[in-house]
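Visitor: CSV, N, CA and C atoms, file query.csv:
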```csv
chain,number,residue,atom,x,y,z
K,2,MET,N,0.9,-1.2,0.0
K,2,MET,CA,0.0,0.0,0.0
K,2,MET,C,0.9,1.2,0.0
K,3,SER,N,0.6,2.2,-0.8
K,3,SER,CA,1.4,3.4,-0.9
K,3,SER,C,1.2,4.3,0.3
K,4,LYS,N,2.1,5.2,0.5
K,4,LYS,CA,2.0,6.2,1.6
K,4,LYS,C,0.8,7.0,1.5
K,5,VAL,N,0.4,7.4,0.3
K,5,VAL,CA,-0.8,8.2,0.1
K,5,VAL,C,-2.1,7.4,0.5
K,6,SER,N,-2.1,6.2,0.1
K,6,SER,CA,-3.3,5.3,0.4
K,6,SER,C,-3.4,5.1,1.9
K,7,LYS,N,-2.2,5.0,2.6
K,7,LYS,CA,-2.2,4.8,4.1
K,7,LYS,C,-2.7,6.1,4.7
K,8,LYS,N,-2.3,7.2,4.2
K,8,LYS,CA,-2.8,8.5,4.8
K,8,LYS,C,-4.3,8.6,4.6
K,9,ILE,N,-4.8,8.3,3.4
K,9,ILE,CA,-6.2,8.4,3.2
K,9,ILE,C,-7.0,7.5,4.1
K,10,MET,N,-6.5,6.2,4.2
K,10,MET,CA,-7.1,5.2,5.1
K,10,MET,C,-7.1,5.7,6.5
K,11,SER,N,-6.0,6.3,7.0
K,11,SER,CA,-5.9,6.9,8.3
K,11,SER,C,-6.9,8.0,8.5
K,12,LEU,N,-7.1,8.9,7.6
K,12,LEU,CA,-8.0,10.0,7.7
K,12,LEU,C,-9.4,9.5,7.7
K,13,VAL,N,-9.7,8.5,6.9
K,13,VAL,CA,-11.1,7.9,6.9
K,13,VAL,C,-11.4,7.2,8.2
K,14,LEU,N,-10.4,6.5,8.8
K,14,LEU,CA,-10.6,5.8,10.1
K,14,LEU,C,-10.8,6.9,11.2
K,15,VAL,N,-10.1,7.9,11.2
K,15,VAL,CA,-10.2,9.0,12.2
K,15,VAL,C,-11.6,9.6,12.0
K,16,ALA,N,-12.1,9.9,10.8
K,16,ALA,CA,-13.4,10.5,10.6
K,16,ALA,C,-14.5,9.6,11.1
K,17,VAL,N,-14.4,8.3,10.8
K,17,VAL,CA,-15.4,7.3,11.2
K,17,VAL,C,-15.4,7.2,12.8
K,18,LEU,N,-14.3,7.2,13.4
K,18,LEU,CA,-14.2,7.2,14.9
K,18,LEU,C,-14.8,8.5,15.5
K,19,ALA,N,-14.5,9.6,14.9
K,19,ALA,CA,-15.1,10.9,15.4
K,19,ALA,C,-16.6,10.9,15.3
K,20,MET,N,-17.1,10.4,14.1
K,20,MET,CA,-18.6,10.4,14.0
K,20,MET,C,-19.2,9.4,15.0
K,21,ALA,N,-18.6,8.3,15.2
K,21,ALA,CA,-19.1,7.3,16.2
K,21,ALA,C,-19.1,7.9,17.6
K,22,LEU,N,-18.1,8.7,18.0
K,22,LEU,CA,-18.0,9.3,19.3
K,22,LEU,C,-19.1,10.4,19.4
K,23,LEU,N,-19.3,11.2,18.4
K,23,LEU,CA,-20.3,12.2,18.4
K,23,LEU,C,-21.7,11.6,18.5
K,24,ALA,N,-21.9,10.6,17.7
K,24,ALA,CA,-23.2,9.9,17.8
K,24,ALA,C,-23.5,9.4,19.1
K,25,GLY,N,-22.5,8.9,19.8
K,25,GLY,CA,-22.7,8.3,21.2
K,25,GLY,C,-23.0,9.4,22.2
K,26,CYS,N,-22.6,10.6,22.0
K,26,CYS,CA,-22.9,11.7,22.9
K,26,CYS,C,-24.3,12.1,22.9
K,27,GLY,N,-24.9,12.1,21.7
K,27,GLY,CA,-26.3,12.5,21.5
K,27,GLY,C,-26.5,13.9,21.9
K,28,GLY,N,-27.7,14.5,21.5
K,28,GLY,CA,-28.1,15.8,21.9
K,28,GLY,C,-28.7,15.7,23.3
K,29,SER,N,-28.9,16.9,23.9
K,29,SER,CA,-29.6,16.9,25.2
K,29,SER,C,-31.0,16.7,25.0
K,30,LYS,N,-31.6,15.8,25.7
K,30,LYS,CA,-33.0,15.5,25.6
K,30,LYS,C,-33.8,16.5,26.5
K,31,SER,N,-35.0,16.9,26.0
K,31,SER,CA,-35.8,17.8,26.8
K,31,SER,C,-36.4,16.9,28.0
K,32,GLU,N,-36.6,17.6,29.1
K,32,GLU,CA,-37.1,16.8,30.3
K,32,GLU,C,-38.5,16.3,30.1
K,33,ILE,N,-39.2,16.7,29.1
K,33,ILE,CA,-40.6,16.2,29.0
K,33,ILE,C,-40.6,14.9,28.3
K,34,VAL,N,-39.5,14.5,27.5
K,34,VAL,CA,-39.4,13.3,26.8
K,34,VAL,C,-39.4,12.1,27.7
K,35,GLY,N,-40.4,11.2,27.4
K,35,GLY,CA,-40.5,10.0,28.2
K,35,GLY,C,-42.0,9.7,28.5
K,36,THR,N,-42.3,8.7,29.3
K,36,THR,CA,-43.7,8.3,29.6
K,36,THR,C,-44.0,8.8,31.0
K,37,TRP,N,-45.1,9.5,31.1
K,37,TRP,CA,-45.6,10.0,32.4
K,37,TRP,C,-46.9,9.4,32.7
K,38,GLU,N,-47.2,9.1,34.0
K,38,GLU,CA,-48.4,8.5,34.4
K,38,GLU,C,-49.0,9.3,35.6
K,39,ALA,N,-50.3,9.6,35.5
K,39,ALA,CA,-51.0,10.4,36.5
K,39,ALA,C,-50.8,9.7,37.9
K,40,SER,N,-50.5,10.6,38.9
K,40,SER,CA,-50.3,10.1,40.2
K,40,SER,C,-51.1,10.8,41.3
K,41,VAL,N,-51.5,12.0,41.0
K,41,VAL,CA,-52.3,12.8,42.0
K,41,VAL,C,-53.3,13.7,41.2
K,42,VAL,N,-54.5,13.8,41.8
K,42,VAL,CA,-55.5,14.7,41.3
K,42,VAL,C,-56.0,15.6,42.4
K,43,GLU,N,-56.0,16.9,42.1
K,43,GLU,CA,-56.4,17.9,43.0
K,43,GLU,C,-57.7,18.6,42.4
K,44,ALA,N,-58.7,18.7,43.2
K,44,ALA,CA,-59.9,19.4,42.8
K,44,ALA,C,-60.7,19.9,44.0
K,45,SER,N,-61.2,21.1,43.9
K,45,SER,CA,-62.1,21.6,45.0
K,45,SER,C,-61.4,21.5,46.4
K,46,GLY,N,-60.1,21.7,46.4
K,46,GLY,CA,-59.4,21.7,47.7
K,46,GLY,C,-59.1,20.3,48.2
K,47,ILE,N,-59.4,19.3,47.4
K,47,ILE,CA,-59.2,17.9,47.9
K,47,ILE,C,-58.1,17.3,47.0
K,48,THR,N,-57.1,16.7,47.6
K,48,THR,CA,-56.0,16.0,46.9
K,48,THR,C,-56.2,14.5,47.1
K,49,LEU,N,-56.2,13.8,46.0
K,49,LEU,CA,-56.3,12.3,46.0
K,49,LEU,C,-55.2,11.6,45.2
K,50,ASP,N,-54.7,10.6,45.7
K,50,ASP,CA,-53.8,9.7,45.0
K,50,ASP,C,-54.7,9.2,43.8
K,51,PHE,N,-54.0,9.0,42.6
K,51,PHE,CA,-54.8,8.7,41.4
K,51,PHE,C,-55.6,7.4,41.6
K,52,LYS,N,-55.0,6.4,42.3
K,52,LYS,CA,-55.8,5.2,42.5
K,52,LYS,C,-57.0,5.4,43.3
K,53,GLU,N,-56.9,6.2,44.3
K,53,GLU,CA,-58.1,6.6,45.1
K,53,GLU,C,-59.1,7.3,44.3
K,54,PHE,N,-58.6,8.2,43.4
K,54,PHE,CA,-59.5,9.0,42.5
K,54,PHE,C,-60.2,8.0,41.6
K,55,ALA,N,-59.5,7.0,41.1
K,55,ALA,CA,-60.2,6.0,40.2
K,55,ALA,C,-61.3,5.3,41.0
K,56,LYS,N,-61.0,4.9,42.2
K,56,LYS,CA,-62.1,4.3,43.0
K,56,LYS,C,-63.3,5.2,43.2
K,57,GLN,N,-63.0,6.5,43.5
K,57,GLN,CA,-64.1,7.4,43.7
K,57,GLN,C,-64.9,7.6,42.4
K,58,MET,N,-64.3,7.4,41.2
K,58,MET,CA,-65.0,7.4,40.0
K,58,MET,C,-65.7,6.1,39.6
K,59,GLY,N,-65.6,5.1,40.5
K,59,GLY,CA,-66.2,3.9,40.3
K,59,GLY,C,-65.5,3.0,39.3
K,60,GLN,N,-64.2,3.2,39.2
K,60,GLN,CA,-63.3,2.5,38.2
K,60,GLN,C,-62.3,1.6,38.9
K,61,ASP,N,-61.9,0.6,38.2
K,61,ASP,CA,-60.8,-0.3,38.7
K,61,ASP,C,-59.5,0.5,38.7
K,62,ALA,N,-58.9,0.6,39.9
K,62,ALA,CA,-57.7,1.5,40.1
K,62,ALA,C,-56.6,1.0,39.3
K,63,ASP,N,-56.5,-0.3,39.0
K,63,ASP,CA,-55.4,-0.9,38.2
K,63,ASP,C,-55.5,-0.7,36.7
K,64,SER,N,-56.7,-0.5,36.2
K,64,SER,CA,-56.9,-0.4,34.8
K,64,SER,C,-57.2,1.1,34.4
K,65,PHE,N,-57.7,1.9,35.3
K,65,PHE,CA,-58.0,3.3,35.0
K,65,PHE,C,-56.7,4.1,35.1
K,66,LYS,N,-56.2,4.5,34.0
K,66,LYS,CA,-54.9,5.2,34.0
K,66,LYS,C,-54.9,6.4,33.1
K,67,MET,N,-54.0,7.3,33.3
K,67,MET,CA,-53.8,8.4,32.4
K,67,MET,C,-52.3,8.5,32.2
K,68,THR,N,-51.9,8.4,30.9
K,68,THR,CA,-50.5,8.4,30.6
K,68,THR,C,-50.3,9.4,29.4
K,69,LEU,N,-49.1,10.0,29.4
K,69,LEU,CA,-48.7,10.9,28.3
K,69,LEU,C,-47.3,10.4,28.0
K,70,THR,N,-47.0,10.2,26.7
K,70,THR,CA,-45.7,9.8,26.2
K,70,THR,C,-45.2,10.9,25.2
K,71,ALA,N,-44.2,11.6,25.6
K,71,ALA,CA,-43.6,12.6,24.7
K,71,ALA,C,-42.3,12.1,24.1
K,72,LYS,N,-42.2,12.4,22.8
K,72,LYS,CA,-41.0,11.8,22.1
K,72,LYS,C,-40.1,12.9,21.7
K,73,ASP,N,-38.9,12.5,21.3
K,73,ASP,CA,-37.8,13.5,20.9
K,73,ASP,C,-38.2,14.3,19.7
K,74,ASP,N,-39.1,13.7,18.8
K,74,ASP,CA,-39.5,14.4,17.6
K,74,ASP,C,-40.6,15.4,17.8
K,75,LYS,N,-40.8,15.8,19.0
K,75,LYS,CA,-41.8,16.8,19.4
K,75,LYS,C,-43.2,16.4,19.2
K,76,THR,N,-43.5,15.1,19.2
K,76,THR,CA,-44.8,14.6,19.1
K,76,THR,C,-45.1,13.9,20.5
K,77,PHE,N,-46.4,13.7,20.7
K,77,PHE,CA,-46.8,13.0,22.0
K,77,PHE,C,-48.1,12.2,21.7
K,78,SER,N,-48.3,11.2,22.5
K,78,SER,CA,-49.5,10.5,22.5
K,78,SER,C,-50.0,10.4,24.0
K,79,MET,N,-51.3,10.3,24.1
K,79,MET,CA,-51.8,10.3,25.5
K,79,MET,C,-53.0,9.3,25.5
K,80,ASP,N,-53.2,8.7,26.7
K,80,ASP,CA,-54.3,7.9,27.0
K,80,ASP,C,-54.9,8.4,28.3
K,81,MET,N,-56.1,9.0,28.2
K,81,MET,CA,-56.8,9.5,29.3
K,81,MET,C,-58.0,8.7,29.6
K,82,ALA,N,-57.7,7.6,30.4
K,82,ALA,CA,-58.8,6.7,30.8
K,82,ALA,C,-59.5,6.1,29.6
K,83,GLY,N,-58.7,5.7,28.7
K,83,GLY,CA,-59.3,5.0,27.5
K,83,GLY,C,-59.5,5.9,26.3
K,84,GLU,N,-59.5,7.2,26.5
K,84,GLU,CA,-59.6,8.2,25.4
K,84,GLU,C,-58.2,8.5,24.9
K,85,THR,N,-57.9,8.2,23.7
K,85,THR,CA,-56.5,8.4,23.2
K,85,THR,C,-56.4,9.6,22.3
K,86,GLY,N,-55.3,10.2,22.2
K,86,GLY,CA,-55.0,11.3,21.3
K,86,GLY,C,-53.6,11.5,21.0
K,87,GLU,N,-53.3,12.2,20.0
K,87,GLU,CA,-51.9,12.4,19.6
K,87,GLU,C,-51.8,13.9,19.2
K,88,GLY,N,-50.6,14.4,19.3
K,88,GLY,CA,-50.4,15.8,19.0
K,88,GLY,C,-48.9,16.1,19.0
K,89,THR,N,-48.6,17.4,19.1
K,89,THR,CA,-47.2,17.9,19.1
K,89,THR,C,-47.0,18.7,20.4
K,90,TRP,N,-45.7,18.9,20.7
K,90,TRP,CA,-45.4,19.7,21.9
K,90,TRP,C,-44.3,20.6,21.6
K,91,GLU,N,-44.2,21.7,22.3
K,91,GLU,CA,-43.1,22.7,22.1
K,91,GLU,C,-42.8,23.3,23.5
K,92,GLU,N,-41.5,23.7,23.7
K,92,GLU,CA,-41.1,24.3,24.9
K,92,GLU,C,-40.8,25.7,24.7
K,93,LYS,N,-41.3,26.5,25.6
K,93,LYS,CA,-41.1,28.0,25.6
K,93,LYS,C,-41.0,28.5,27.1
K,94,SER,N,-39.9,29.0,27.4
K,94,SER,CA,-39.6,29.6,28.7
K,94,SER,C,-39.9,28.7,29.9
K,95,GLY,N,-39.5,27.4,29.7
K,95,GLY,CA,-39.7,26.5,30.8
K,95,GLY,C,-41.1,25.9,30.9
K,96,LYS,N,-42.0,26.3,30.0
K,96,LYS,CA,-43.3,25.7,30.0
K,96,LYS,C,-43.5,24.9,28.7
K,97,TYR,N,-44.4,24.0,28.7
K,97,TYR,CA,-44.6,23.2,27.5
K,97,TYR,C,-46.0,23.4,27.0
K,98,THR,N,-46.2,23.5,25.7
K,98,THR,CA,-47.5,23.6,25.1
K,98,THR,C,-47.8,22.3,24.3
K,99,LEU,N,-48.8,21.6,24.7
K,99,LEU,CA,-49.3,20.4,24.0
K,99,LEU,C,-50.4,20.8,23.1
K,100,THR,N,-50.3,20.4,21.8
K,100,THR,CA,-51.4,20.8,20.8
K,100,THR,C,-52.0,19.5,20.3
K,101,VAL,N,-53.3,19.5,20.4
K,101,VAL,CA,-54.1,18.3,19.9
K,101,VAL,C,-55.3,18.9,19.1
K,102,ASP,N,-55.4,18.6,17.9
K,102,ASP,CA,-56.5,19.0,17.0
K,102,ASP,C,-56.7,20.6,17.1
K,103,GLY,N,-55.6,21.3,17.1
K,103,GLY,CA,-55.6,22.7,17.0
K,103,GLY,C,-55.8,23.4,18.4
K,104,GLU,N,-56.0,22.6,19.4
K,104,GLU,CA,-56.2,23.2,20.8
K,104,GLU,C,-54.9,23.0,21.6
K,105,ASP,N,-54.5,24.1,22.3
K,105,ASP,CA,-53.3,24.1,23.1
K,105,ASP,C,-53.7,23.9,24.6
K,106,MET,N,-52.8,23.1,25.2
K,106,MET,CA,-52.9,22.9,26.7
K,106,MET,C,-51.5,23.2,27.2
K,107,GLU,N,-51.4,23.9,28.3
K,107,GLU,CA,-50.1,24.2,28.9
K,107,GLU,C,-49.8,23.3,30.0
K,108,VAL,N,-48.6,22.8,30.1
K,108,VAL,CA,-48.2,22.0,31.3
K,108,VAL,C,-46.8,22.5,31.7
K,109,GLU,N,-46.4,22.2,32.9
K,109,GLU,CA,-45.1,22.6,33.4
K,109,GLU,C,-44.5,21.4,34.1
K,110,ILE,N,-43.2,21.4,34.2
K,110,ILE,CA,-42.5,20.4,34.9
K,110,ILE,C,-41.8,21.1,36.1
K,111,LYS,N,-42.2,20.6,37.3
K,111,LYS,CA,-41.7,21.3,38.5
K,111,LYS,C,-41.3,20.1,39.5
K,112,ASP,N,-40.1,20.2,40.0
K,112,ASP,CA,-39.6,19.2,40.9
K,112,ASP,C,-39.7,17.8,40.3
K,113,GLY,N,-39.5,17.7,39.0
K,113,GLY,CA,-39.5,16.4,38.4
K,113,GLY,C,-40.9,15.8,38.1
K,114,LYS,N,-41.9,16.6,38.3
K,114,LYS,CA,-43.3,16.2,38.0
K,114,LYS,C,-44.0,17.1,37.0
K,115,LEU,N,-44.7,16.4,36.1
K,115,LEU,CA,-45.4,17.2,35.1
K,115,LEU,C,-46.8,17.5,35.6
K,116,ILE,N,-47.1,18.8,35.5
K,116,ILE,CA,-48.4,19.3,36.1
K,116,ILE,C,-49.3,19.9,35.1
K,117,PHE,N,-50.5,19.4,35.0
K,117,PHE,CA,-51.5,19.8,34.1
K,117,PHE,C,-52.6,20.5,34.9
K,118,ALA,N,-52.8,21.8,34.7
K,118,ALA,CA,-53.9,22.5,35.4
K,118,ALA,C,-54.6,23.3,34.4
K,119,ASP,N,-55.9,23.1,34.3
K,119,ASP,CA,-56.7,23.7,33.3
K,119,ASP,C,-58.0,24.2,33.8
K,120,GLU,N,-58.4,25.4,33.5
K,120,GLU,CA,-59.7,25.9,33.9
K,120,GLU,C,-60.8,25.1,33.3
K,121,ALA,N,-60.6,24.5,32.1
K,121,ALA,CA,-61.6,23.7,31.5
K,121,ALA,C,-62.0,22.5,32.4
K,122,LEU,N,-61.0,22.1,33.3
K,122,LEU,CA,-61.3,21.0,34.2
K,122,LEU,C,-61.9,21.5,35.5
K,123,GLY,N,-62.4,22.7,35.5
K,123,GLY,CA,-63.0,23.2,36.7
K,123,GLY,C,-62.0,23.6,37.8
K,124,GLY,N,-60.8,23.9,37.3
K,124,GLY,CA,-59.7,24.2,38.2
K,124,GLY,C,-58.9,23.0,38.8
K,125,ALA,N,-59.2,21.9,38.3
K,125,ALA,CA,-58.6,20.6,38.7
K,125,ALA,C,-57.1,20.6,38.2
K,126,LYS,N,-56.3,19.9,39.0
K,126,LYS,CA,-54.9,19.8,38.6
K,126,LYS,C,-54.5,18.3,38.7
K,127,ILE,N,-53.9,17.9,37.6
K,127,ILE,CA,-53.4,16.5,37.6
K,127,ILE,C,-51.9,16.5,37.5
K,128,THR,N,-51.3,15.7,38.4
K,128,THR,CA,-49.8,15.6,38.5
K,128,THR,C,-49.4,14.3,38.0
K,129,PHE,N,-48.4,14.3,37.1
K,129,PHE,CA,-47.9,13.1,36.5
K,129,PHE,C,-46.5,12.8,36.9
K,130,GLU,N,-46.1,11.6,37.1
K,130,GLU,CA,-44.7,11.2,37.4
K,130,GLU,C,-44.1,10.4,36.3
K,131,LYS,N,-42.9,10.6,36.0
K,131,LYS,CA,-42.2,9.9,34.9
K,131,LYS,C,-42.0,8.5,35.3
K,132,LYS,N,-42.3,7.6,34.4
K,132,LYS,CA,-42.1,6.1,34.6
K,132,LYS,C,-40.9,5.6,33.9
```
As a first step, turn the structure in this file into structure tokens.

Guide:
Amino acid sequence: MSKVSKKIMSLVLVAVLAMALLAGCGGSKSEIVGTWEASVVEASGITLDFKEFAKQMGQDADSFKMTLTAKDDKTFSMDMAGETGEGTWEEKSGKYTLTVDGEDMEVEIKDGKLIFADEALGGAKITFEKK
């Protein structure tokens, strides 16, 4: 092998190694990315564990769940007690806007918990924990 070929092979090897190292580092993931499950419901001054809330609703606590799965590609899916939906999310100033069928919902992440509070829910607040 000629000296020129060896240099070219060395450069190619260095480039491949550099790309592999950079790919391994990955970009920083947004803290919303992952699967979240409802853990607490607050309404009318009452705070209930989500399983207790399910029982109060006359539902089986093990099958009555609310989950939200946010992905790196800025899409999400949710299952709210059997009602499913998909949409997109974006982050602005530490808050997240979830958009489903043209309607926006704001959520925030505080102390590692995703909090959904909406006046449309009669002032209720649902807290989700990452699974």

Visitor: Which residue gives the smallest distance to Ala118 in chain K among K:Glu43, K:Glu91, K:Met81, K:Val101, with only C-alpha atoms counted?

Guide: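 Nearest candidate to Ala118 in chain K out of K:Glu43, K:Glu91, K:Met81, K:Val101: K:Glu43.
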
Visitor: Could you please write out, as a PyMOL selection string, every residue of range 44-132 of chain K that DSSP assigns to strand (DSSP E or B)?

Guide: chain K and resi 44+47-50+67-71+76-81+84-93+96-101+104-111+114-118+126-131

Visitor: Would you kindly return, as a PyMOL selection string, each protein, DNA or RNA residue with an atom no farther than 9 Å from any atom of Phe129 in chain K, considering only C-alpha atoms and excluding same-chain residues fewer than 3 positions away?

Guide: chain K and resi 37-41+67-69+114-117

Visitor: Could you pull the residues within 6.5 Å of Ala62 in chain K, counting all atoms listed in the file, minus those fewer than 5 positions along the same chain, as a PyMOL selection string?

Guide: chain K and resi 51-53+55-56

Visitor: Of the candidates K:Ile33, K:Thr89, K:Asp50, K:Lys111, which one gets nearest to Phe77 in chain K if we count only N, CA and C atoms?

Guide: K:Thr89

Visitor: For a test of reading the model, state the distance in Å between CA of Ile110 in chain K and CA of Gln60 in chain K, rounded to one decimal.

Guide: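 Pair CA of Ile110 in chain K / CA of Gln60 in chain K returns 27.6 Å.
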
Visitor: Excluding Asp119 in chain K and its own-chain neighbours fewer than 2 positions away, which residues fall within 12 Å of it when counting only C-alpha atoms? Please give them as a count of residues only.

Guide: 17

Visitor: Have a look at K:Gly86, K:Ala71, K:Phe54, K:Ser78 and name the one nearest to Lys30 in chain K; count only C-alpha atoms.

Guide: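 With only C-alpha atoms as the atom set, the closest residue is K:Ala71.
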
Visitor: Quick one, how far is CA of Leu99 in chain K from CA of Glu84 in chain K?

Guide: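 Separation between CA of Leu99 in chain K and CA of Glu84 in chain K: 16.0 Å.
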
Visitor: What is the distance between CA of Gly83 in chain K and atom N of Lys96 in chain K, in Å to one decimal?

Guide: 27.6 Å

Visitor: Return range 62-78 of chain K, completed with N, CA, C and O atoms, as a PDB file, in the frame of the given file.

Guide:
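Here's the written file selection17.pdb:
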```
ATOM      1  N   ALA K  62     -58.900   0.600  39.900  1.00  0.00           N
ATOM      2  CA  ALA K  62     -57.700   1.500  40.100  1.00  0.00           C
ATOM      3  C   ALA K  62     -56.600   1.000  39.300  1.00  0.00           C
ATOM      4  O   ALA K  62     -55.686   1.741  38.870  1.00  0.00           O
ATOM      5  N   ASP K  63     -56.500  -0.300  39.000  1.00  0.00           N
ATOM      6  CA  ASP K  63     -55.400  -0.900  38.200  1.00  0.00           C
ATOM      7  C   ASP K  63     -55.500  -0.700  36.700  1.00  0.00           C
ATOM      8  O   ASP K  63     -54.500  -0.694  36.015  1.00  0.00           O
ATOM      9  N   SER K  64     -56.700  -0.500  36.200  1.00  0.00           N
ATOM     10  CA  SER K  64     -56.900  -0.400  34.800  1.00  0.00           C
ATOM     11  C   SER K  64     -57.200   1.100  34.400  1.00  0.00           C
ATOM     12  O   SER K  64     -57.086   1.427  33.216  1.00  0.00           O
ATOM     13  N   PHE K  65     -57.700   1.900  35.300  1.00  0.00           N
ATOM     14  CA  PHE K  65     -58.000   3.300  35.000  1.00  0.00           C
ATOM     15  C   PHE K  65     -56.700   4.100  35.100  1.00  0.00           C
ATOM     16  O   PHE K  65     -56.255   4.378  36.233  1.00  0.00           O
ATOM     17  N   LYS K  66     -56.200   4.500  34.000  1.00  0.00           N
ATOM     18  CA  LYS K  66     -54.900   5.200  34.000  1.00  0.00           C
ATOM     19  C   LYS K  66     -54.900   6.400  33.100  1.00  0.00           C
ATOM     20  O   LYS K  66     -55.731   6.408  32.143  1.00  0.00           O
ATOM     21  N   MET K  67     -54.000   7.300  33.300  1.00  0.00           N
ATOM     22  CA  MET K  67     -53.800   8.400  32.400  1.00  0.00           C
ATOM     23  C   MET K  67     -52.300   8.500  32.200  1.00  0.00           C
ATOM     24  O   MET K  67     -51.543   8.596  33.133  1.00  0.00           O
ATOM     25  N   THR K  68     -51.900   8.400  30.900  1.00  0.00           N
ATOM     26  CA  THR K  68     -50.500   8.400  30.600  1.00  0.00           C
ATOM     27  C   THR K  68     -50.300   9.400  29.400  1.00  0.00           C
ATOM     28  O   THR K  68     -51.195   9.645  28.606  1.00  0.00           O
ATOM     29  N   LEU K  69     -49.100  10.000  29.400  1.00  0.00           N
ATOM     30  CA  LEU K  69     -48.700  10.900  28.300  1.00  0.00           C
ATOM     31  C   LEU K  69     -47.300  10.400  28.000  1.00  0.00           C
ATOM     32  O   LEU K  69     -46.418  10.281  28.855  1.00  0.00           O
ATOM     33  N   THR K  70     -47.000  10.200  26.700  1.00  0.00           N
ATOM     34  CA  THR K  70     -45.700   9.800  26.200  1.00  0.00           C
ATOM     35  C   THR K  70     -45.200  10.900  25.200  1.00  0.00           C
ATOM     36  O   THR K  70     -45.808  11.019  24.141  1.00  0.00           O
ATOM     37  N   ALA K  71     -44.200  11.600  25.600  1.00  0.00           N
ATOM     38  CA  ALA K  71     -43.600  12.600  24.700  1.00  0.00           C
ATOM     39  C   ALA K  71     -42.300  12.100  24.100  1.00  0.00           C
ATOM     40  O   ALA K  71     -41.534  11.417  24.766  1.00  0.00           O
ATOM     41  N   LYS K  72     -42.200  12.400  22.800  1.00  0.00           N
ATOM     42  CA  LYS K  72     -41.000  11.800  22.100  1.00  0.00           C
ATOM     43  C   LYS K  72     -40.100  12.900  21.700  1.00  0.00           C
ATOM     44  O   LYS K  72     -40.463  14.111  21.616  1.00  0.00           O
ATOM     45  N   ASP K  73     -38.900  12.500  21.300  1.00  0.00           N
ATOM     46  CA  ASP K  73     -37.800  13.500  20.900  1.00  0.00           C
ATOM     47  C   ASP K  73     -38.200  14.300  19.700  1.00  0.00           C
ATOM     48  O   ASP K  73     -37.797  15.419  19.466  1.00  0.00           O
ATOM     49  N   ASP K  74     -39.100  13.700  18.800  1.00  0.00           N
ATOM     50  CA  ASP K  74     -39.500  14.400  17.600  1.00  0.00           C
ATOM     51  C   ASP K  74     -40.600  15.400  17.800  1.00  0.00           C
ATOM     52  O   ASP K  74     -41.172  15.905  16.821  1.00  0.00           O
ATOM     53  N   LYS K  75     -40.800  15.800  19.000  1.00  0.00           N
ATOM     54  CA  LYS K  75     -41.800  16.800  19.400  1.00  0.00           C
ATOM     55  C   LYS K  75     -43.200  16.400  19.200  1.00  0.00           C
ATOM     56  O   LYS K  75     -44.093  17.223  18.912  1.00  0.00           O
ATOM     57  N   THR K  76     -43.500  15.100  19.200  1.00  0.00           N
ATOM     58  CA  THR K  76     -44.800  14.600  19.100  1.00  0.00           C
ATOM     59  C   THR K  76     -45.100  13.900  20.500  1.00  0.00           C
ATOM     60  O   THR K  76     -44.212  13.585  21.229  1.00  0.00           O
ATOM     61  N   PHE K  77     -46.400  13.700  20.700  1.00  0.00           N
ATOM     62  CA  PHE K  77     -46.800  13.000  22.000  1.00  0.00           C
ATOM     63  C   PHE K  77     -48.100  12.200  21.700  1.00  0.00           C
ATOM     64  O   PHE K  77     -48.804  12.470  20.770  1.00  0.00           O
ATOM     65  N   SER K  78     -48.300  11.200  22.500  1.00  0.00           N
ATOM     66  CA  SER K  78     -49.500  10.500  22.500  1.00  0.00           C
ATOM     67  C   SER K  78     -50.000  10.400  24.000  1.00  0.00           C
ATOM     68  O   SER K  78     -49.211  10.512  24.914  1.00  0.00           O
TER      69      SER K  78
END
```
